[in-house]
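Visitor: This is the content of my_file_20.cif (mmCIF, C-alpha atoms, pLDDT in the B column; chains and numbers go by the auth columns):
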data_my_file
#
loop_
_atom_site.group_PDB
_atom_site.id
_atom_site.type_symbol
_atom_site.label_atom_id
_atom_site.label_comp_id
_atom_site.label_asym_id
_atom_site.label_seq_id
_atom_site.Cartn_x
_atom_site.Cartn_y
_atom_site.Cartn_z
_atom_site.B_iso_or_equiv
_atom_site.auth_seq_id
_atom_site.auth_asym_id
ATOM 1 C CA MET A 1 -157.529 189.235 67.676 75.00 1 K
ATOM 2 C CA PRO A 2 -157.799 189.060 71.486 82.00 2 K
ATOM 3 C CA TRP A 3 -161.215 189.433 73.079 88.00 3 K
ATOM 4 C CA THR A 4 -162.363 189.652 76.682 92.00 4 K
ATOM 5 C CA PRO A 5 -165.998 190.551 77.371 92.00 5 K
ATOM 6 C CA LEU A 6 -166.609 193.309 79.885 94.00 6 K
ATOM 7 C CA PRO A 7 -166.486 191.268 83.120 93.00 7 K
ATOM 8 C CA ARG A 8 -169.374 193.144 84.762 96.00 8 K
ATOM 9 C CA PRO A 9 -171.881 195.830 83.769 97.00 9 K
ATOM 10 C CA LEU A 10 -170.265 199.171 82.997 97.00 10 K
ATOM 11 C CA SER A 11 -172.159 200.735 85.909 98.00 11 K
ATOM 12 C CA GLU A 12 -170.212 198.392 88.234 98.00 12 K
ATOM 13 C CA ALA A 13 -166.902 198.334 86.354 98.00 13 K
ATOM 14 C CA THR A 14 -163.572 199.848 87.390 98.00 14 K
ATOM 15 C CA VAL A 15 -162.134 201.843 84.478 98.00 15 K
ATOM 16 C CA ALA A 16 -158.550 202.972 83.778 98.00 16 K
ATOM 17 C CA LEU A 17 -157.255 205.287 81.031 98.00 17 K
ATOM 18 C CA VAL A 18 -154.098 204.723 78.972 98.00 18 K
ATOM 19 C CA SER A 19 -152.662 207.645 76.979 97.00 19 K
ATOM 20 C CA THR A 20 -149.900 207.584 74.353 97.00 20 K
ATOM 21 C CA ALA A 21 -149.124 211.279 74.939 97.00 21 K
ATOM 22 C CA GLY A 22 -145.901 210.805 76.938 98.00 22 K
ATOM 23 C CA LEU A 23 -147.357 212.176 80.182 98.00 23 K
ATOM 24 C CA SER A 24 -145.477 212.115 83.461 98.00 24 K
ATOM 25 C CA MET A 25 -146.127 213.586 86.890 98.00 25 K
ATOM 26 C CA LEU A 26 -143.867 216.511 87.859 98.00 26 K
ATOM 27 C CA ALA A 27 -142.366 214.361 90.634 96.00 27 K
ATOM 28 C CA ASP A 28 -141.393 211.567 88.208 98.00 28 K
ATOM 29 C CA PRO A 29 -138.697 211.509 85.526 98.00 29 K
ATOM 30 C CA PRO A 30 -140.074 212.867 82.239 98.00 30 K
ATOM 31 C CA PHE A 31 -139.995 210.830 79.027 98.00 31 K
ATOM 32 C CA ASP A 32 -136.584 210.810 77.373 97.00 32 K
ATOM 33 C CA ALA A 33 -137.047 213.232 74.485 96.00 33 K
ATOM 34 C CA GLU A 34 -133.326 214.031 74.517 96.00 34 K
ATOM 35 C CA GLY A 35 -132.516 210.403 73.665 97.00 35 K
ATOM 36 C CA GLU A 36 -134.847 210.627 70.672 97.00 36 K
ATOM 37 C CA ARG A 37 -133.236 213.872 69.522 96.00 37 K
ATOM 38 C CA GLN A 38 -129.857 212.123 69.591 96.00 38 K
ATOM 39 C CA ASN A 39 -131.199 209.010 67.846 96.00 39 K
ATOM 40 C CA PRO A 40 -134.379 209.832 65.870 95.00 40 K
ATOM 41 C CA TRP A 41 -135.147 206.156 65.256 94.00 41 K
ATOM 42 C CA TRP A 42 -135.558 205.483 68.964 96.00 42 K
ATOM 43 C CA GLY A 43 -138.451 206.288 71.287 97.00 43 K
ATOM 44 C CA ASP A 44 -138.569 205.989 75.074 97.00 44 K
ATOM 45 C CA PRO A 45 -140.298 202.613 75.748 97.00 45 K
ATOM 46 C CA SER A 46 -141.080 203.227 79.430 98.00 46 K
ATOM 47 C CA TYR A 47 -144.429 204.107 81.018 98.00 47 K
ATOM 48 C CA ARG A 48 -145.655 206.316 83.850 98.00 48 K
ATOM 49 C CA VAL A 49 -148.480 206.075 86.363 98.00 49 K
ATOM 50 C CA ILE A 50 -150.858 209.052 86.533 98.00 50 K
ATOM 51 C CA PRO A 51 -153.061 209.154 89.655 98.00 51 K
ATOM 52 C CA ARG A 52 -156.763 209.824 89.216 98.00 52 K
ATOM 53 C CA SER A 53 -156.479 213.224 90.887 97.00 53 K
ATOM 54 C CA ALA A 54 -153.967 214.578 88.329 97.00 54 K
ATOM 55 C CA THR A 55 -154.683 217.787 86.422 96.00 55 K
ATOM 56 C CA ALA A 56 -152.760 219.633 83.702 96.00 56 K
ATOM 57 C CA ALA A 57 -150.849 221.513 86.408 97.00 57 K
ATOM 58 C CA ASP A 58 -149.385 218.229 87.710 97.00 58 K
ATOM 59 C CA ILE A 59 -148.039 216.794 84.488 97.00 59 K
ATOM 60 C CA VAL A 60 -145.374 217.204 81.836 97.00 60 K
ATOM 61 C CA ALA A 61 -145.969 215.940 78.291 97.00 61 K
ATOM 62 C CA LEU A 62 -142.940 214.985 76.191 97.00 62 K
ATOM 63 C CA HIS A 63 -143.995 213.750 72.785 96.00 63 K
ATOM 64 C CA LEU A 64 -142.121 215.271 69.843 96.00 64 K
ATOM 65 C CA HIS A 65 -144.714 214.252 67.214 95.00 65 K
ATOM 66 C CA ILE A 66 -147.812 216.111 68.395 94.00 66 K
ATOM 67 C CA GLU A 67 -148.723 219.582 69.642 94.00 67 K
ATOM 68 C CA THR A 68 -148.979 219.044 73.402 95.00 68 K
ATOM 69 C CA ALA A 69 -149.953 222.641 74.262 95.00 69 K
ATOM 70 C CA TYR A 70 -153.673 221.784 74.325 96.00 70 K
ATOM 71 C CA LEU A 71 -153.445 218.948 76.844 96.00 71 K
ATOM 72 C CA GLN A 72 -151.050 221.030 78.929 96.00 72 K
ATOM 73 C CA GLN A 73 -153.893 223.565 79.176 96.00 73 K
ATOM 74 C CA ASP A 74 -156.597 220.990 79.906 97.00 74 K
ATOM 75 C CA LEU A 75 -155.616 217.377 80.504 98.00 75 K
ATOM 76 C CA ASP A 76 -159.154 216.205 79.677 98.00 76 K
ATOM 77 C CA VAL A 77 -158.564 216.734 75.939 97.00 77 K
ATOM 78 C CA ALA A 78 -156.397 213.584 75.983 97.00 78 K
ATOM 79 C CA LEU A 79 -156.719 211.995 79.451 98.00 79 K
ATOM 80 C CA PRO A 80 -160.254 212.799 80.640 98.00 80 K
ATOM 81 C CA LEU A 81 -159.890 212.111 84.353 98.00 81 K
ATOM 82 C CA ARG A 82 -162.410 214.793 85.369 98.00 82 K
ATOM 83 C CA ARG A 83 -164.967 213.571 82.823 98.00 83 K
ATOM 84 C CA LEU A 84 -164.424 209.999 84.046 98.00 84 K
ATOM 85 C CA ALA A 85 -164.925 211.138 87.656 98.00 85 K
ATOM 86 C CA GLU A 86 -168.256 212.662 86.578 98.00 86 K
ATOM 87 C CA ALA A 87 -169.251 209.336 85.020 98.00 87 K
ATOM 88 C CA GLU A 88 -168.430 207.678 88.356 98.00 88 K
ATOM 89 C CA ALA A 89 -170.402 210.266 90.358 98.00 89 K
ATOM 90 C CA GLU A 90 -173.412 209.807 88.063 98.00 90 K
ATOM 91 C CA GLY A 91 -173.237 205.998 88.222 98.00 91 K
ATOM 92 C CA ARG A 92 -172.446 205.592 84.511 97.00 92 K
ATOM 93 C CA ILE A 93 -169.327 203.625 85.484 98.00 93 K
ATOM 94 C CA GLY A 94 -168.662 201.803 88.742 98.00 94 K
ATOM 95 C CA ARG A 95 -165.354 203.338 89.755 98.00 95 K
ATOM 96 C CA VAL A 96 -162.436 205.352 88.436 98.00 96 K
ATOM 97 C CA ALA A 97 -159.276 203.285 88.947 98.00 97 K
ATOM 98 C CA PRO A 98 -156.759 204.827 91.373 98.00 98 K
ATOM 99 C CA SER A 99 -154.031 204.664 88.698 98.00 99 K
ATOM 100 C CA HIS A 100 -153.954 205.570 85.015 98.00 100 K
ATOM 101 C CA TYR A 101 -151.096 205.175 82.556 98.00 101 K
ATOM 102 C CA SER A 102 -149.129 206.924 79.877 98.00 102 K
ATOM 103 C CA PHE A 103 -146.407 206.000 77.466 97.00 103 K
ATOM 104 C CA MET A 104 -144.903 207.772 74.468 97.00 104 K
ATOM 105 C CA GLY A 105 -146.449 206.428 71.288 94.00 105 K
ATOM 106 C CA TYR A 106 -143.569 206.893 68.838 95.00 106 K
ATOM 107 C CA LEU A 107 -141.990 203.440 69.075 95.00 107 K
ATOM 108 C CA LEU A 108 -140.715 202.053 65.766 93.00 108 K
ATOM 109 C CA ASP A 109 -139.498 198.977 67.640 94.00 109 K
ATOM 110 C CA PRO A 110 -142.026 198.280 70.412 94.00 110 K
ATOM 111 C CA ALA A 111 -140.286 195.119 71.701 95.00 111 K
ATOM 112 C CA GLU A 112 -139.025 196.566 74.980 96.00 112 K
ATOM 113 C CA PHE A 113 -142.342 198.358 75.577 96.00 113 K
ATOM 114 C CA LEU A 114 -144.252 195.109 75.026 95.00 114 K
ATOM 115 C CA ASP A 115 -141.824 193.013 77.079 96.00 115 K
ATOM 116 C CA ARG A 116 -141.529 195.324 80.089 96.00 116 K
ATOM 117 C CA SER A 117 -143.989 198.201 80.212 97.00 117 K
ATOM 118 C CA VAL A 118 -147.159 196.386 79.164 96.00 118 K
ATOM 119 C CA PRO A 119 -146.827 193.529 81.708 97.00 119 K
ATOM 120 C CA ALA A 120 -146.094 196.053 84.481 98.00 120 K
ATOM 121 C CA MET A 121 -149.182 198.111 83.598 98.00 121 K
ATOM 122 C CA ILE A 122 -151.327 194.970 83.475 97.00 122 K
ATOM 123 C CA GLU A 123 -150.025 193.814 86.851 97.00 123 K
ATOM 124 C CA ARG A 124 -150.941 197.128 88.451 98.00 124 K
ATOM 125 C CA MET A 125 -154.357 197.145 86.784 98.00 125 K
ATOM 126 C CA ARG A 126 -155.074 193.672 88.098 97.00 126 K
ATOM 127 C CA ALA A 127 -153.938 194.680 91.600 98.00 127 K
ATOM 128 C CA GLU A 128 -156.447 197.546 91.407 98.00 128 K
ATOM 129 C CA SER A 129 -159.239 195.267 90.077 97.00 129 K
ATOM 130 C CA VAL A 130 -159.516 197.110 86.772 98.00 130 K
ATOM 131 C CA ASP A 131 -162.238 195.675 84.519 98.00 131 K
ATOM 132 C CA ALA A 132 -161.820 197.908 81.482 98.00 132 K
ATOM 133 C CA ALA A 133 -159.133 200.113 79.965 98.00 133 K
ATOM 134 C CA VAL A 134 -159.781 203.002 77.585 98.00 134 K
ATOM 135 C CA PHE A 135 -156.772 203.291 75.322 97.00 135 K
ATOM 136 C CA VAL A 136 -156.250 206.775 73.885 96.00 136 K
ATOM 137 C CA PRO A 137 -153.716 207.240 71.098 94.00 137 K
ATOM 138 C CA VAL A 138 -153.009 210.895 70.367 91.00 138 K
ATOM 139 C CA MET B 1 -154.600 193.318 78.292 87.00 139 J
ATOM 140 C CA GLU B 2 -157.513 191.420 76.846 86.00 140 J
ATOM 141 C CA ALA B 3 -155.612 188.206 77.502 85.00 141 J
ATOM 142 C CA ALA B 4 -155.259 189.297 81.150 88.00 142 J
ATOM 143 C CA GLY B 5 -159.042 189.633 81.496 91.00 143 J
ATOM 144 C CA ILE B 6 -159.244 193.405 81.034 96.00 144 J
ATOM 145 C CA ALA B 7 -161.683 194.574 78.366 96.00 145 J
ATOM 146 C CA THR B 8 -160.274 197.374 76.200 96.00 146 J
ATOM 147 C CA ILE B 9 -161.505 200.010 73.812 97.00 147 J
ATOM 148 C CA ALA B 10 -159.414 202.468 71.811 97.00 148 J
ATOM 149 C CA LEU B 11 -160.594 205.972 70.896 97.00 149 J
ATOM 150 C CA SER B 12 -158.765 206.575 67.649 96.00 150 J
ATOM 151 C CA MET B 13 -158.405 209.180 64.909 94.00 151 J
ATOM 152 C CA ILE B 14 -156.714 206.541 62.754 93.00 152 J
ATOM 153 C CA PRO B 15 -159.092 203.588 63.229 94.00 153 J
ATOM 154 C CA ASP B 16 -157.752 201.505 60.327 91.00 154 J
ATOM 155 C CA LEU B 17 -154.281 201.476 61.874 91.00 155 J
ATOM 156 C CA THR B 18 -155.672 200.860 65.362 92.00 156 J
ATOM 157 C CA VAL B 19 -157.651 197.847 64.106 90.00 157 J
ATOM 158 C CA ALA B 20 -154.592 196.619 62.205 90.00 158 J
ATOM 159 C CA ALA B 21 -152.624 196.858 65.455 88.00 159 J
ATOM 160 C CA GLY B 22 -155.038 194.340 66.998 89.00 160 J
ATOM 161 C CA ALA B 23 -157.423 196.495 69.039 93.00 161 J
ATOM 162 C CA PRO B 24 -160.640 194.478 69.442 94.00 162 J
ATOM 163 C CA ARG B 25 -162.948 197.496 69.983 96.00 163 J
ATOM 164 C CA VAL B 26 -162.416 200.884 68.391 97.00 164 J
ATOM 165 C CA ALA B 27 -164.382 204.106 68.722 97.00 165 J
ATOM 166 C CA ALA B 28 -163.391 206.188 65.694 97.00 166 J
ATOM 167 C CA ILE B 29 -163.414 209.981 65.795 96.00 167 J
ATOM 168 C CA GLU B 30 -162.437 212.657 63.269 95.00 168 J
ATOM 169 C CA PHE B 31 -160.699 214.995 65.690 95.00 169 J
ATOM 170 C CA PRO B 32 -157.143 216.333 65.338 94.00 170 J
ATOM 171 C CA PHE B 33 -154.099 214.596 66.769 94.00 171 J
ATOM 172 C CA GLY B 34 -153.457 215.692 70.345 94.00 172 J
ATOM 173 C CA ARG B 35 -157.128 216.436 71.176 96.00 173 J
ATOM 174 C CA PRO B 36 -159.131 213.186 70.895 97.00 174 J
ATOM 175 C CA PHE B 37 -161.778 214.335 73.414 98.00 175 J
ATOM 176 C CA GLY B 38 -162.216 217.882 72.086 96.00 176 J
ATOM 177 C CA GLN B 39 -161.007 221.401 72.735 96.00 177 J
ATOM 178 C CA PRO B 40 -159.543 222.567 76.053 97.00 178 J
ATOM 179 C CA ASN B 41 -162.305 223.634 78.470 97.00 179 J
ATOM 180 C CA ASP B 42 -165.076 222.192 76.260 97.00 180 J
ATOM 181 C CA ALA B 43 -166.395 219.904 78.990 98.00 181 J
ATOM 182 C CA ALA B 44 -169.646 219.152 77.130 98.00 182 J
ATOM 183 C CA THR B 45 -167.876 217.713 74.079 97.00 183 J
ATOM 184 C CA GLN B 46 -165.321 215.876 76.233 98.00 184 J
ATOM 185 C CA ARG B 47 -168.158 214.314 78.218 98.00 185 J
ATOM 186 C CA ALA B 48 -170.062 213.289 75.085 98.00 186 J
ATOM 187 C CA VAL B 49 -166.993 211.738 73.429 98.00 187 J
ATOM 188 C CA LEU B 50 -166.144 209.802 76.596 98.00 188 J
ATOM 189 C CA GLN B 51 -169.723 208.570 76.895 98.00 189 J
ATOM 190 C CA GLY B 52 -169.756 207.541 73.215 98.00 190 J
ATOM 191 C CA THR B 53 -166.559 205.587 73.829 98.00 191 J
ATOM 192 C CA LEU B 54 -167.963 203.925 76.972 98.00 192 J
ATOM 193 C CA ASP B 55 -171.206 203.068 75.130 97.00 193 J
ATOM 194 C CA ALA B 56 -169.174 201.410 72.383 97.00 194 J
ATOM 195 C CA LEU B 57 -167.259 199.439 75.034 97.00 195 J
ATOM 196 C CA ARG B 58 -170.536 198.326 76.605 96.00 196 J
ATOM 197 C CA ASP B 59 -172.270 197.407 73.342 96.00 197 J
ATOM 198 C CA ALA B 60 -169.473 195.675 71.404 95.00 198 J
ATOM 199 C CA SER B 61 -170.151 191.971 71.163 92.00 199 J
ATOM 200 C CA ARG B 62 -167.309 190.731 68.988 93.00 200 J
ATOM 201 C CA ALA B 63 -163.642 191.430 68.206 94.00 201 J
ATOM 202 C CA GLY B 64 -163.149 193.862 65.342 93.00 202 J
ATOM 203 C CA THR B 65 -166.006 196.189 66.304 94.00 203 J
ATOM 204 C CA VAL B 66 -165.527 199.767 65.024 96.00 204 J
ATOM 205 C CA VAL B 67 -168.056 202.428 66.017 96.00 205 J
ATOM 206 C CA HIS B 68 -167.854 205.797 64.271 97.00 206 J
ATOM 207 C CA LEU B 69 -168.632 208.574 66.743 97.00 207 J
ATOM 208 C CA PRO B 70 -170.767 211.311 65.136 95.00 208 J
ATOM 209 C CA PHE B 71 -168.758 214.368 66.160 95.00 209 J
ATOM 210 C CA GLU B 72 -167.621 217.135 63.866 93.00 210 J
ATOM 211 C CA TRP B 73 -164.583 219.269 64.650 94.00 211 J
ATOM 212 C CA PRO B 74 -165.494 222.982 64.735 89.00 212 J
ATOM 213 C CA GLU B 75 -162.564 224.116 62.575 90.00 213 J
ATOM 214 C CA SER B 76 -161.889 223.376 58.899 88.00 214 J
ATOM 215 C CA PRO B 77 -158.895 221.074 58.247 86.00 215 J
ATOM 216 C CA GLU B 78 -156.857 224.078 57.041 87.00 216 J
ATOM 217 C CA GLN B 79 -157.422 225.840 60.365 88.00 217 J
ATOM 218 C CA VAL B 80 -156.416 222.932 62.567 90.00 218 J
ATOM 219 C CA HIS B 81 -153.029 223.278 64.186 88.00 219 J
ATOM 220 C CA TRP B 82 -151.714 219.937 65.363 88.00 220 J
ATOM 221 C CA HIS B 83 -148.079 219.782 64.331 89.00 221 J
ATOM 222 C CA PRO B 84 -145.515 220.568 67.006 91.00 222 J
ATOM 223 C CA LYS B 85 -143.687 223.854 66.461 89.00 223 J
ATOM 224 C CA GLU B 86 -140.486 221.956 65.729 91.00 224 J
ATOM 225 C CA PRO B 87 -140.766 218.928 63.369 93.00 225 J
ATOM 226 C CA SER B 88 -140.009 215.617 65.069 95.00 226 J
ATOM 227 C CA PRO B 89 -136.408 214.367 64.885 95.00 227 J
ATOM 228 C CA ILE B 90 -137.306 211.553 62.474 93.00 228 J
ATOM 229 C CA LEU B 91 -139.072 213.985 60.106 92.00 229 J
ATOM 230 C CA GLN B 92 -136.035 216.255 60.194 92.00 230 J
ATOM 231 C CA LEU B 93 -133.826 213.288 59.374 91.00 231 J
ATOM 232 C CA LEU B 94 -136.058 212.009 56.572 90.00 232 J
ATOM 233 C CA ALA B 95 -136.653 215.434 55.035 89.00 233 J
ATOM 234 C CA GLY B 96 -133.287 215.425 53.300 83.00 234 J
ATOM 235 C CA ASN B 97 -133.145 211.698 52.592 88.00 235 J
ATOM 236 C CA PRO B 98 -135.823 210.184 50.313 87.00 236 J
ATOM 237 C CA ALA B 99 -134.077 206.794 50.271 88.00 237 J
ATOM 238 C CA LEU B 100 -134.387 206.542 54.058 87.00 238 J
ATOM 239 C CA PHE B 101 -138.043 207.535 53.816 85.00 239 J
ATOM 240 C CA GLN B 102 -138.735 204.777 51.284 87.00 240 J
ATOM 241 C CA ARG B 103 -136.972 202.276 53.502 87.00 241 J
ATOM 242 C CA LEU B 104 -139.119 203.261 56.466 84.00 242 J
ATOM 243 C CA ALA B 105 -142.329 203.291 54.382 84.00 243 J
ATOM 244 C CA ALA B 106 -141.508 199.736 53.292 88.00 244 J
ATOM 245 C CA GLY B 107 -141.444 198.714 56.950 85.00 245 J
ATOM 246 C CA ASP B 108 -137.685 198.266 57.081 89.00 246 J
ATOM 247 C CA ILE B 109 -136.882 199.452 60.601 90.00 247 J
ATOM 248 C CA PRO B 110 -133.146 199.879 61.222 90.00 248 J
ATOM 249 C CA PRO B 111 -131.491 198.397 64.326 93.00 249 J
ATOM 250 C CA GLU B 112 -131.000 201.915 65.719 93.00 250 J
ATOM 251 C CA ALA B 113 -134.697 201.860 66.647 94.00 251 J
ATOM 252 C CA SER B 114 -133.994 199.209 69.279 94.00 252 J
ATOM 253 C CA ARG B 115 -131.514 201.082 71.443 93.00 253 J
ATOM 254 C CA ARG B 116 -131.173 204.603 72.759 93.00 254 J
ATOM 255 C CA SER B 117 -127.794 205.387 71.211 85.00 255 J
#
Show how you would write the structure in this file as structure tokens.

Guide:
Amino acid sequence: MPWTPLPRPLSEATVALVSTAGLSMLADPPFDAEGERQNPWWGDPSYRVIPRSATAADIVALHLHIETAYLQQDLDVALPLRRLAEAEAEGRIGRVAPSHYSFMGYLLDPAEFLDRSVPAMIERMRAESVDAAVFVPV
Amino acid sequence: MEAAGIATIALSMIPDLTVAAGAPRVAAIEFPFGRPFGQPNDAATQRAVLQGTLDALRDASRAGTVVHLPFEWPESPEQVHWHPKEPSPILQLLAGNPALFQRLAAGDIPPEASRRS
């Protein structure tokens, strides 16, 4: 099992969130639910970037395996960007990363996700000096 | 991500599966699918769950750490609505095909899973 200690105290650390809820910004292409309807074995293996300022009004959730109505009302139930901003303002974390991430968690074969999406997310996290990621399956 | 020098924690309603998937730190919570941090507009619970998760990230000292967060969902299991209104495509497919279901349960993933169509 991989292990990296937190590189600096939490109160100095840059934190990013990663959600499996299939979230995309309105300006970006949504997750490919139609492809999954045509081939139920397949799930969209791509990922999207969600900026720290995003709210429920800015996003679309396409995940055919969960009720997404709640997070469409209040994004913080699954991607707590406002709660994380409060932690930053109160000094409980160092900094909210500029970018956060979402993918769609129904992936029976995760090979393409692991080969393409994960390295791209890691590269962006490193470019933004992210110390810790909070992974949130839904 | 750990291998890239980024420390991770997962907030999970299915901690056994999350550990089995290789997550080195897990904060476990008994909340419904779709709402891991609490109800819409319940900022106090969302804040407490996030802080519990961050505390577990800070305090974990070895791979395989699972911390059970002490939150109780305000509805009984019978009251919780978490299924989508329309069953997922794979559930619709499996509903009429027990043999396919057994194949999937045995971990036999067909090649169709690897390409869109």

Visitor: Using all atoms listed in the file, determine which residues of chain J fall within 7 Å of chain K; present them as JSON, numbers by chain.

Guide: {"J": [139, 140, 141, 143, 144, 145, 146, 147, 148, 149, 150, 160, 162, 171, 172, 173, 174, 175, 176, 177, 178, 179, 184, 185, 196, 201, 220, 221, 222, 226, 227, 228, 247, 250, 251, 252, 253, 254, 255]}

Visitor: What's the separation between CA of Ala120 in chain K and CA of Val49 in chain K, in Å to one decimal place?

Guide: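 Going from CA of Ala120 in chain K over to CA of Val49 in chain K, I get 10.5 Å.
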
Visitor: Using all atoms listed in the file, collect all residues at a distance of at most 8 Å from (-169.5, 203.3, 63.7) as written in the file, then present them as a list in words.

Guide: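 Using all atoms listed in the file, the matching residues come out as Ala165, Ala166, Val204, Val205, His206 and Leu207 of chain J.
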
Visitor: So how far away is CA of Pro30 in chain K from CA of Asp58 in chain K, in Å?

Guide: 12.1 Å

Visitor: When you count only C-alpha atoms, which of these residues is closest to Glu90 in chain K: J:Gln189, J:Pro225, J:Gln217, J:Glu210?

Guide: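 Of J:Gln189, J:Pro225, J:Gln217, J:Glu210, the one nearest Glu90 in chain K, counting only C-alpha atoms, is J:Gln189.
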
Visitor: Mind checking which residues fall within 12 Å of Ser214 in chain J, counting all atoms listed in the file, ignoring those fewer than 3 positions away in the same chain, and posting them as an NGL selection string?

Guide: :J and (168-170 or 210-211 or 217-219)

Visitor: Write out, as a CSV table (one decimal), in the frame of the given file, the residues just selected, with C-alpha atoms.

Guide:
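Written output follows (result-v8.csv):
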chain,number,residue,atom,x,y,z
J,168,GLU,CA,-162.4,212.7,63.3
J,169,PHE,CA,-160.7,215.0,65.7
J,170,PRO,CA,-157.1,216.3,65.3
J,210,GLU,CA,-167.6,217.1,63.9
J,211,TRP,CA,-164.6,219.3,64.6
J,217,GLN,CA,-157.4,225.8,60.4
J,218,VAL,CA,-156.4,222.9,62.6
J,219,HIS,CA,-153.0,223.3,64.2

Visitor: Can you tell me how far CA of Pro212 in chain J sits from CA of Ala186 in chain J, in Å to one decimal?

Guide: 14.9 Å

Visitor: Taking all listed atoms of range 142-157 of chain J, build the axis-aligned box, pad each of the six sides by 5 Å, then write its centre and edge lengths in Å to one decimal as AutoDock Vina command-line options.

Guide:
--center_x -158.0 --center_y 199.2 --center_z 70.9 --size_x 17.4 --size_y 29.9 --size_z 31.2

Visitor: Could I get range 39-80 of chain K from the block written as a short mmCIF file (atom, residue, chain, number, x, y, z; two decimals), in the first residue's frame, with C-alpha atoms?

Guide:
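Result went into result37.cif, see below:
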data_model
loop_
_atom_site.label_atom_id
_atom_site.label_comp_id
_atom_site.auth_asym_id
_atom_site.auth_seq_id
_atom_site.Cartn_x
_atom_site.Cartn_y
_atom_site.Cartn_z
CA ASN K 39 -23.13 0.17 -23.44
CA PRO K 40 -23.95 -0.41 -19.74
CA TRP K 41 -20.59 -2.09 -19.09
CA TRP K 42 -18.69 1.07 -19.95
CA GLY K 43 -18.15 4.23 -17.90
CA ASP K 44 -16.62 7.52 -19.03
CA PRO K 45 -12.96 7.36 -17.86
CA SER K 46 -12.19 11.07 -18.26
CA TYR K 47 -11.87 13.72 -15.54
CA ARG K 48 -12.78 17.38 -15.13
CA VAL K 49 -11.22 20.30 -13.28
CA ILE K 50 -13.49 22.19 -10.87
CA PRO K 51 -12.17 25.61 -9.79
CA ARG K 52 -12.25 26.48 -6.10
CA SER K 53 -14.92 29.13 -6.65
CA ALA K 54 -17.46 26.66 -8.10
CA THR K 55 -20.93 26.33 -6.57
CA ALA K 56 -23.88 24.06 -7.38
CA ALA K 57 -25.10 26.63 -9.91
CA ASP K 58 -21.89 26.19 -11.96
CA ILE K 59 -21.86 22.43 -12.30
CA VAL K 60 -23.59 19.49 -13.93
CA ALA K 61 -23.46 16.04 -12.33
CA LEU K 62 -23.81 12.99 -14.59
CA HIS K 63 -23.57 9.80 -12.59
CA LEU K 64 -26.28 7.23 -13.30
CA HIS K 65 -25.71 5.22 -10.09
CA ILE K 66 -26.49 7.80 -7.40
CA GLU K 67 -29.14 10.43 -6.68
CA THR K 68 -27.37 13.65 -7.69
CA ALA K 69 -30.25 15.99 -6.78
CA TYR K 70 -28.75 16.75 -3.35
CA LEU K 71 -25.34 17.90 -4.58
CA GLN K 72 -27.04 19.86 -7.36
CA GLN K 73 -28.79 21.78 -4.56
CA ASP K 74 -25.66 22.23 -2.44
CA LEU K 75 -22.30 21.17 -3.82
CA ASP K 76 -20.83 20.98 -0.31
CA VAL K 77 -22.64 17.68 0.38
CA ALA K 78 -20.10 15.98 -1.92
CA LEU K 79 -17.44 18.57 -2.85
CA PRO K 80 -17.15 20.89 0.17
#
